[in-house]
$ cat query16.cif   # mmCIF, C-alpha atoms
data_query
#
loop_
_atom_site.group_PDB
_atom_site.id
_atom_site.type_symbol
_atom_site.label_atom_id
_atom_site.label_comp_id
_atom_site.auth_asym_id
_atom_site.auth_seq_id
_atom_site.Cartn_x
_atom_site.Cartn_y
_atom_site.Cartn_z
ATOM 1 C CA ILE A 197 -33.035 73.662 17.653
ATOM 2 C CA ALA A 198 -31.707 70.221 16.756
ATOM 3 C CA GLY A 199 -33.833 67.300 17.795
ATOM 4 C CA ILE A 200 -36.734 65.073 16.903
ATOM 5 C CA THR A 201 -40.131 66.265 15.767
ATOM 6 C CA GLN A 202 -43.158 64.011 16.077
ATOM 7 C CA ALA A 203 -46.602 64.627 14.633
ATOM 8 C CA PRO A 204 -49.377 64.658 15.519
ATOM 9 C CA THR A 205 -49.098 65.412 19.238
ATOM 10 C CA SER A 206 -52.275 63.482 19.906
ATOM 11 C CA GLN A 207 -54.939 61.704 17.909
ATOM 12 C CA ILE A 208 -58.204 59.908 18.454
ATOM 13 C CA LEU A 209 -58.646 57.238 15.809
ATOM 14 C CA ALA A 210 -61.537 54.959 14.953
ATOM 15 C CA ALA A 211 -60.756 51.258 15.026
ATOM 16 C CA GLY A 212 -59.994 49.883 11.589
ATOM 17 C CA ARG A 213 -58.581 53.153 10.269
ATOM 18 C CA ARG A 214 -55.093 53.572 8.903
ATOM 19 C CA MET A 215 -52.772 56.036 10.591
ATOM 20 C CA THR A 216 -49.208 57.210 10.042
ATOM 21 C CA LEU A 217 -47.217 58.761 12.857
ATOM 22 C CA ARG A 218 -44.502 61.062 11.595
ATOM 23 C CA CYS A 219 -40.978 61.392 12.950
ATOM 24 C CA THR A 220 -38.251 63.672 11.634
ATOM 25 C CA GLN A 221 -34.784 64.293 13.054
ATOM 26 C CA ASP A 222 -32.275 66.942 12.044
ATOM 27 C CA MET A 223 -29.216 65.578 13.820
ATOM 28 C CA ARG A 224 -28.091 63.307 10.951
ATOM 29 C CA HIS A 225 -28.305 60.338 13.296
ATOM 30 C CA ASN A 226 -27.913 56.986 11.596
ATOM 31 C CA ALA A 227 -30.253 54.960 13.805
ATOM 32 C CA MET A 228 -33.921 55.593 14.586
ATOM 33 C CA TYR A 229 -36.434 53.766 16.741
ATOM 34 C CA TRP A 230 -40.121 53.621 17.556
ATOM 35 C CA TYR A 231 -41.239 52.780 21.085
ATOM 36 C CA ARG A 232 -44.643 52.552 22.679
ATOM 37 C CA GLN A 233 -45.104 53.430 26.312
ATOM 38 C CA ASP A 234 -47.833 51.869 28.410
ATOM 39 C CA LEU A 235 -48.315 52.327 32.144
ATOM 40 C CA GLY A 236 -46.458 49.684 34.094
ATOM 41 C CA LEU A 237 -44.789 48.250 31.001
ATOM 42 C CA GLY A 238 -42.225 50.914 30.301
ATOM 43 C CA LEU A 239 -40.932 51.566 26.808
ATOM 44 C CA ARG A 240 -41.181 48.712 24.351
ATOM 45 C CA LEU A 241 -39.449 48.704 20.995
ATOM 46 C CA ILE A 242 -41.733 48.388 17.970
ATOM 47 C CA HIS A 243 -39.356 48.791 15.025
ATOM 48 C CA TYR A 244 -35.910 50.197 14.443
ATOM 49 C CA SER A 245 -33.667 51.299 11.613
ATOM 50 C CA ASN A 246 -29.884 51.155 11.886
ATOM 51 C CA THR A 247 -29.384 53.260 8.762
ATOM 52 C CA ALA A 248 -31.382 54.677 5.875
ATOM 53 C CA GLY A 249 -32.805 51.914 3.718
ATOM 54 C CA THR A 250 -32.874 49.261 6.453
ATOM 55 C CA THR A 251 -35.432 48.401 9.119
ATOM 56 C CA GLY A 252 -35.876 45.706 11.738
ATOM 57 C CA LYS A 253 -38.505 44.354 14.093
ATOM 58 C CA GLY A 254 -38.440 45.058 17.773
ATOM 59 C CA GLU A 255 -40.246 43.481 20.677
ATOM 60 C CA VAL A 256 -43.831 44.340 19.646
ATOM 61 C CA PRO A 257 -43.934 44.795 15.846
ATOM 62 C CA ASP A 258 -47.328 43.223 15.044
ATOM 63 C CA GLY A 259 -49.807 45.670 13.511
ATOM 64 C CA TYR A 260 -47.121 48.233 12.721
ATOM 65 C CA SER A 261 -44.881 48.948 9.744
ATOM 66 C CA VAL A 262 -42.070 51.417 9.134
ATOM 67 C CA SER A 263 -39.979 52.734 6.290
ATOM 68 C CA ARG A 264 -36.659 54.598 6.160
ATOM 69 C CA ALA A 265 -36.343 56.190 2.753
ATOM 70 C CA ASN A 266 -33.843 58.779 3.980
ATOM 71 C CA THR A 267 -31.790 59.631 7.053
ATOM 72 C CA ASP A 268 -34.196 62.162 8.536
ATOM 73 C CA ASP A 269 -37.608 60.522 8.385
ATOM 74 C CA PHE A 270 -38.945 57.384 10.035
ATOM 75 C CA PRO A 271 -42.747 57.130 9.801
ATOM 76 C CA LEU A 272 -44.719 54.493 11.704
ATOM 77 C CA THR A 273 -47.906 53.164 10.112
ATOM 78 C CA LEU A 274 -50.806 51.380 11.743
ATOM 79 C CA ALA A 275 -52.518 49.631 8.837
ATOM 80 C CA SER A 276 -55.780 48.907 10.672
ATOM 81 C CA ALA A 277 -55.857 50.335 14.170
ATOM 82 C CA VAL A 278 -57.155 48.307 17.122
ATOM 83 C CA PRO A 279 -57.930 49.506 20.672
ATOM 84 C CA SER A 280 -54.876 47.685 22.064
ATOM 85 C CA GLN A 281 -52.739 50.107 20.099
ATOM 86 C CA THR A 282 -53.877 52.917 22.346
ATOM 87 C CA SER A 283 -50.614 54.165 23.773
ATOM 88 C CA VAL A 284 -48.049 56.934 23.761
ATOM 89 C CA TYR A 285 -45.604 56.515 20.910
ATOM 90 C CA PHE A 286 -42.051 57.822 21.068
ATOM 91 C CA CYS A 287 -39.616 58.141 18.240
ATOM 92 C CA ALA A 288 -35.911 58.161 19.121
ATOM 93 C CA SER A 289 -32.592 58.371 17.344
ATOM 94 C CA SER A 290 -28.928 57.759 18.044
ATOM 95 C CA ARG A 291 -25.753 58.617 16.187
ATOM 96 C CA GLU A 292 -24.776 54.980 15.886
ATOM 97 C CA PRO A 293 -26.958 51.863 16.235
ATOM 98 C CA TRP A 294 -25.581 50.649 19.524
ATOM 99 C CA GLY A 295 -27.631 52.802 21.743
ATOM 100 C CA TYR A 296 -25.350 55.538 23.010
ATOM 101 C CA GLY A 297 -27.444 58.437 24.237
ATOM 102 C CA TYR A 298 -30.782 58.086 22.516
ATOM 103 C CA THR A 299 -32.594 61.348 21.803
ATOM 104 C CA PHE A 300 -36.351 61.082 22.137
ATOM 105 C CA GLY A 301 -39.165 63.070 20.599
ATOM 106 C CA SER A 302 -42.028 64.467 22.668
ATOM 107 C CA GLY A 303 -44.371 61.637 21.790
ATOM 108 C CA THR A 304 -47.719 61.057 20.104
ATOM 109 C CA ARG A 305 -50.660 60.120 22.317
ATOM 110 C CA LEU A 306 -52.893 57.817 20.294
ATOM 111 C CA THR A 307 -56.340 56.666 21.379
ATOM 112 C CA VAL A 308 -58.074 54.011 19.282
ATOM 113 C CA VAL A 309 -61.825 53.822 19.890
ATOM 114 C CA GLY B 112 -36.234 37.199 27.781
ATOM 115 C CA GLU B 113 -33.653 39.490 29.274
ATOM 116 C CA SER B 114 -34.997 42.539 31.007
ATOM 117 C CA VAL B 115 -34.291 45.259 33.474
ATOM 118 C CA GLY B 116 -36.483 46.067 36.440
ATOM 119 C CA LEU B 117 -36.814 48.525 39.267
ATOM 120 C CA HIS B 118 -37.205 47.694 42.939
ATOM 121 C CA LEU B 119 -39.385 50.684 43.921
ATOM 122 C CA PRO B 120 -42.171 52.007 41.740
ATOM 123 C CA THR B 121 -42.561 55.254 43.757
ATOM 124 C CA LEU B 122 -40.050 57.179 45.826
ATOM 125 C CA SER B 123 -40.971 60.236 47.906
ATOM 126 C CA VAL B 124 -38.190 62.428 49.269
ATOM 127 C CA GLN B 125 -37.968 65.738 51.046
ATOM 128 C CA GLU B 126 -36.505 68.652 49.135
ATOM 129 C CA GLY B 127 -32.805 68.895 49.882
ATOM 130 C CA ASP B 128 -32.403 65.230 50.737
ATOM 131 C CA ASN B 129 -30.510 62.757 48.582
ATOM 132 C CA SER B 130 -32.451 60.307 46.412
ATOM 133 C CA ILE B 131 -31.442 56.799 45.443
ATOM 134 C CA ILE B 132 -33.250 54.994 42.640
ATOM 135 C CA ASN B 133 -32.417 51.339 42.113
ATOM 136 C CA CYS B 134 -32.475 49.060 39.105
ATOM 137 C CA ALA B 135 -31.813 45.352 38.680
ATOM 138 C CA TYR B 136 -30.846 43.877 35.346
ATOM 139 C CA SER B 137 -30.732 40.262 34.265
ATOM 140 C CA ASN B 138 -28.656 40.211 31.080
ATOM 141 C CA SER B 139 -25.085 39.480 32.120
ATOM 142 C CA ALA B 140 -23.953 40.364 28.589
ATOM 143 C CA SER B 141 -25.127 43.955 28.953
ATOM 144 C CA ASP B 142 -22.221 46.348 28.993
ATOM 145 C CA TYR B 143 -23.774 49.777 28.742
ATOM 146 C CA PHE B 144 -26.386 51.339 30.981
ATOM 147 C CA ILE B 145 -28.259 54.607 30.828
ATOM 148 C CA TRP B 146 -30.527 56.513 33.148
ATOM 149 C CA TYR B 147 -33.321 58.591 31.657
ATOM 150 C CA LYS B 148 -35.632 61.149 33.232
ATOM 151 C CA GLN B 149 -39.150 61.632 31.918
ATOM 152 C CA GLU B 150 -41.255 64.590 32.983
ATOM 153 C CA SER B 151 -44.994 64.562 32.534
ATOM 154 C CA GLY B 152 -46.013 64.959 28.896
ATOM 155 C CA LYS B 153 -42.453 64.805 27.598
ATOM 156 C CA GLY B 154 -40.130 62.242 26.112
ATOM 157 C CA PRO B 155 -37.341 60.625 28.134
ATOM 158 C CA GLN B 156 -34.191 62.718 28.548
ATOM 159 C CA PHE B 157 -30.688 61.332 28.937
ATOM 160 C CA ILE B 158 -29.227 61.852 32.419
ATOM 161 C CA ILE B 159 -26.079 59.792 32.703
ATOM 162 C CA ASP B 160 -24.580 56.591 31.391
ATOM 163 C CA ILE B 161 -21.977 54.067 32.472
ATOM 164 C CA ARG B 162 -20.077 51.287 30.783
ATOM 165 C CA SER B 163 -19.479 47.938 32.404
ATOM 166 C CA ASN B 164 -15.760 48.582 32.825
ATOM 167 C CA MET B 165 -16.630 51.240 35.409
ATOM 168 C CA ASP B 166 -18.373 50.966 38.755
ATOM 169 C CA LYS B 167 -19.088 54.638 39.337
ATOM 170 C CA ARG B 168 -19.619 57.728 37.278
ATOM 171 C CA GLN B 169 -20.501 61.216 38.422
ATOM 172 C CA GLY B 170 -22.324 64.041 36.751
ATOM 173 C CA GLN B 171 -23.791 67.256 37.973
ATOM 174 C CA ARG B 172 -25.665 66.289 41.185
ATOM 175 C CA VAL B 173 -26.063 62.743 39.899
ATOM 176 C CA THR B 174 -23.994 59.614 40.402
ATOM 177 C CA VAL B 175 -24.539 56.214 38.850
ATOM 178 C CA LEU B 176 -23.205 53.119 40.587
ATOM 179 C CA LEU B 177 -22.865 49.756 38.866
ATOM 180 C CA ASN B 178 -22.438 46.470 40.701
ATOM 181 C CA LYS B 179 -21.902 43.794 38.076
ATOM 182 C CA THR B 180 -21.586 41.040 40.645
ATOM 183 C CA VAL B 181 -25.228 41.361 41.652
ATOM 184 C CA LYS B 182 -26.357 43.006 38.425
ATOM 185 C CA HIS B 183 -27.550 46.145 40.129
ATOM 186 C CA LEU B 184 -27.563 49.759 39.038
ATOM 187 C CA SER B 185 -28.446 52.829 41.061
ATOM 188 C CA LEU B 186 -28.921 56.519 40.426
ATOM 189 C CA GLN B 187 -28.117 58.916 43.235
ATOM 190 C CA ILE B 188 -29.408 62.476 43.096
ATOM 191 C CA ALA B 189 -27.835 64.900 45.542
ATOM 192 C CA ALA B 190 -29.842 67.697 47.174
ATOM 193 C CA THR B 191 -33.053 66.711 45.422
ATOM 194 C CA GLN B 192 -35.056 69.617 44.048
ATOM 195 C CA PRO B 193 -38.727 69.934 43.051
ATOM 196 C CA GLY B 194 -37.607 69.959 39.404
ATOM 197 C CA ASP B 195 -36.275 66.447 39.893
ATOM 198 C CA SER B 196 -39.821 65.119 40.219
ATOM 199 C CA ALA B 197 -40.274 62.773 37.270
ATOM 200 C CA VAL B 198 -40.227 59.138 36.234
ATOM 201 C CA TYR B 199 -36.745 57.649 36.055
ATOM 202 C CA PHE B 200 -35.875 54.739 33.789
ATOM 203 C CA CYS B 201 -32.811 52.611 33.624
ATOM 204 C CA ALA B 202 -31.922 50.987 30.326
ATOM 205 C CA GLU B 203 -29.342 48.433 29.266
ATOM 206 C CA ASN B 204 -27.666 47.599 26.006
ATOM 207 C CA GLU B 205 -25.679 44.523 25.146
ATOM 208 C CA GLU B 206 -22.363 45.217 23.429
ATOM 209 C CA TYR B 207 -23.066 46.011 19.777
ATOM 210 C CA GLY B 208 -26.719 45.338 20.399
ATOM 211 C CA ASN B 209 -29.031 47.486 18.375
ATOM 212 C CA LYS B 210 -31.593 48.403 20.959
ATOM 213 C CA LEU B 211 -32.009 49.505 24.520
ATOM 214 C CA VAL B 212 -34.147 47.561 26.968
ATOM 215 C CA PHE B 213 -35.950 49.778 29.448
ATOM 216 C CA GLY B 214 -37.220 49.101 32.915
ATOM 217 C CA ALA B 215 -40.776 49.965 33.928
ATOM 218 C CA GLY B 216 -39.734 53.195 35.676
ATOM 219 C CA THR B 217 -39.703 54.708 39.173
ATOM 220 C CA ILE B 218 -41.713 57.775 40.077
ATOM 221 C CA LEU B 219 -39.736 60.279 42.129
ATOM 222 C CA ARG B 220 -41.806 62.769 44.106
ATOM 223 C CA VAL B 221 -40.092 65.649 45.839
ATOM 224 C CA LYS B 222 -41.891 67.170 48.790
ATOM 225 C CA SER B 223 -41.285 70.846 49.550
#
$ encode --input "query16.cif" --output "structure tokens"
Amino acid sequence: IAGITQAPTSQILAAGRRMTLRCTQDMRHNAMYWYRQDLGLGLRLIHYSNTAGTTGKGEVPDGYSVSRANTDDFPLTLASAVPSQTSVYFCASSREPWGYGYTFGSGTRLTVV
Amino acid sequence: GESVGLHLPTLSVQEGDNSIINCAYSNSASDYFIWYKQESGKGPQFIIDIRSNMDKRQGQRVTVLLNKTVKHLSLQIAATQPGDSAVYFCAENEEYGNKLVFGAGTILRVKS
């Protein structure tokens, strides 16, 4: 079934540890995105990639990094996790980078303690 | 910065009634709007979209209305069903912008 796969589904992480959230899509979409979702704040863009080999900063990029070595994969790395990064993280993709019909993954629930 | 917002954080409706979820946006340059549905424990799912050159678009049991004069968007769900219970988000995108801006969401609860 075509779509986006995120891993892990959930994780409890000690503060200061490094963590990579994985995202893979099989729809050959050009653009991919990482959002975090916090109660009352909706979905906020962390980083995006319009096409393989390029990335950009979103609304809340601090403490996060991404890479886009190929079309399918878009991992999000927390270099040194802090409790404020406790959130639900969603990866999304779209055929073209102007937002038509994003497809979202099922999310990763991350708790930093 | 520019943002979208929702008037009602929670909406409770009786099964079979029609639901109306509202959204206000502030970026007058936005030209594309999407409604998403998010069920508990899942990612947002596309419901319906509308471009700024339209004021109404219909789907299966859903209708989106766009009023550019007052920068207001609404989602109408006909004959609301228990499976419609979810959080609904509106999102906007400026022409050739590279990201969507989401509102905080409205919880829709359907009473049987």
$ residues_near_point --input "query16.cif" --point "(-54.6, 53.4, 17.7)" --cutoff "9 Å" --atoms "all atoms listed in the file" --output "tab-separated table (two decimals) with C-alpha atoms, in the coordinates of the input"
chain	number	residue	atom	x	y	z
A	207	GLN	CA	-54.94	61.70	17.91
A	208	ILE	CA	-58.20	59.91	18.45
A	209	LEU	CA	-58.65	57.24	15.81
A	210	ALA	CA	-61.54	54.96	14.95
A	211	ALA	CA	-60.76	51.26	15.03
A	212	GLY	CA	-59.99	49.88	11.59
A	213	ARG	CA	-58.58	53.15	10.27
A	214	ARG	CA	-55.09	53.57	8.90
A	215	MET	CA	-52.77	56.04	10.59
A	274	LEU	CA	-50.81	51.38	11.74
A	276	SER	CA	-55.78	48.91	10.67
A	277	ALA	CA	-55.86	50.34	14.17
A	278	VAL	CA	-57.16	48.31	17.12
A	279	PRO	CA	-57.93	49.51	20.67
A	280	SER	CA	-54.88	47.68	22.06
A	281	GLN	CA	-52.74	50.11	20.10
A	282	THR	CA	-53.88	52.92	22.35
A	283	SER	CA	-50.61	54.16	23.77
A	306	LEU	CA	-52.89	57.82	20.29
A	307	THR	CA	-56.34	56.67	21.38
A	308	VAL	CA	-58.07	54.01	19.28
A	309	VAL	CA	-61.82	53.82	19.89
$ interface_residues --input "query16.cif" --of "chain B" --to "chain A" --cutoff "9 Å" --atoms "all atoms listed in the file" --output "number ranges by chain"
B: 143, 145, 152-157, 159-160, 200, 203-216
$ atom_distance --input "query16.cif" --atom1 "atom CA of Gly249 of chain A" --atom2 "atom CA of Gly199 of chain A"
20.9 Å
$ residues_near_point --input "query16.cif" --point "(-39.4, 58.7, 46.8)" --cutoff "12 Å" --atoms "only C-alpha atoms" --output "ChimeraX atom specification"
/B:118-126,128-133,187-188,191,193,195-199,217-222
$ resolve_selection --input "query16.cif" --expression "the PyMOL selection byres ((chain A and resi 273) around 7)" --output "list in words"
Met215, Thr216, Leu217, Tyr260, Ser261, Val262, Pro271, Leu272, Leu274 and Ala275 of chain A
$ write_last_selection --input "query16.cif" --atoms "C-alpha atoms" --output "PDB file, in the coordinates of the input"
ATOM      1  CA  MET A 215     -52.772  56.036  10.591  1.00  0.00           C
ATOM      2  CA  THR A 216     -49.208  57.210  10.042  1.00  0.00           C
ATOM      3  CA  LEU A 217     -47.217  58.761  12.857  1.00  0.00           C
ATOM      4  CA  TYR A 260     -47.121  48.233  12.721  1.00  0.00           C
ATOM      5  CA  SER A 261     -44.881  48.948   9.744  1.00  0.00           C
ATOM      6  CA  VAL A 262     -42.070  51.417   9.134  1.00  0.00           C
ATOM      7  CA  PRO A 271     -42.747  57.130   9.801  1.00  0.00           C
ATOM      8  CA  LEU A 272     -44.719  54.493  11.704  1.00  0.00           C
ATOM      9  CA  LEU A 274     -50.806  51.380  11.743  1.00  0.00           C
ATOM     10  CA  ALA A 275     -52.518  49.631   8.837  1.00  0.00           C
TER      11      ALA A 275
END
$ atom_distance --input "query16.cif" --atom1 "atom CA of Arg264 of chain A" --atom2 "atom CA of Arg224 of chain A"
13.1 Å
$ atom_distance --input "query16.cif" --atom1 "atom CA of Leu186 of chain B" --atom2 "atom CA of Gln149 of chain B"
14.3 Å
$ axis_aligned_box --input "query16.cif" --around "segment 174-178 of chain B" --padding-each-side "8 Å" --output "JSON"
{"center_x": -23.5, "center_y": 53.0, "center_z": 39.8, "size_x": 18.1, "size_y": 29.1, "size_z": 17.9}
$ closest_residue --input "query16.cif" --among "B:Gly194, B:Lys148, B:Leu184, B:Ser223" --to "Lys167 of chain B" --atoms "only C-alpha atoms"
B:Leu184
$ resolve_selection --input "query16.cif" --expression "the PyMOL selection byres ((chain A and resi 269) around 7)" --output "PDB file with C-alpha atoms, keeping the file's coordinate frame"
ATOM      1  CA  CYS A 219     -40.978  61.392  12.950  1.00  0.00           C
ATOM      2  CA  THR A 220     -38.251  63.672  11.634  1.00  0.00           C
ATOM      3  CA  GLN A 221     -34.784  64.293  13.054  1.00  0.00           C
ATOM      4  CA  ARG A 264     -36.659  54.598   6.160  1.00  0.00           C
ATOM      5  CA  ASN A 266     -33.843  58.779   3.980  1.00  0.00           C
ATOM      6  CA  THR A 267     -31.790  59.631   7.053  1.00  0.00           C
ATOM      7  CA  ASP A 268     -34.196  62.162   8.536  1.00  0.00           C
ATOM      8  CA  PHE A 270     -38.945  57.384  10.035  1.00  0.00           C
ATOM      9  CA  PRO A 271     -42.747  57.130   9.801  1.00  0.00           C
TER      10      PRO A 271
END
$ resolve_selection --input "query16.cif" --expression "the PyMOL selection byres ((chain B and resi 183) around 8)" --output "ChimeraX atom specification"
/B:133-136,177-182,184-185
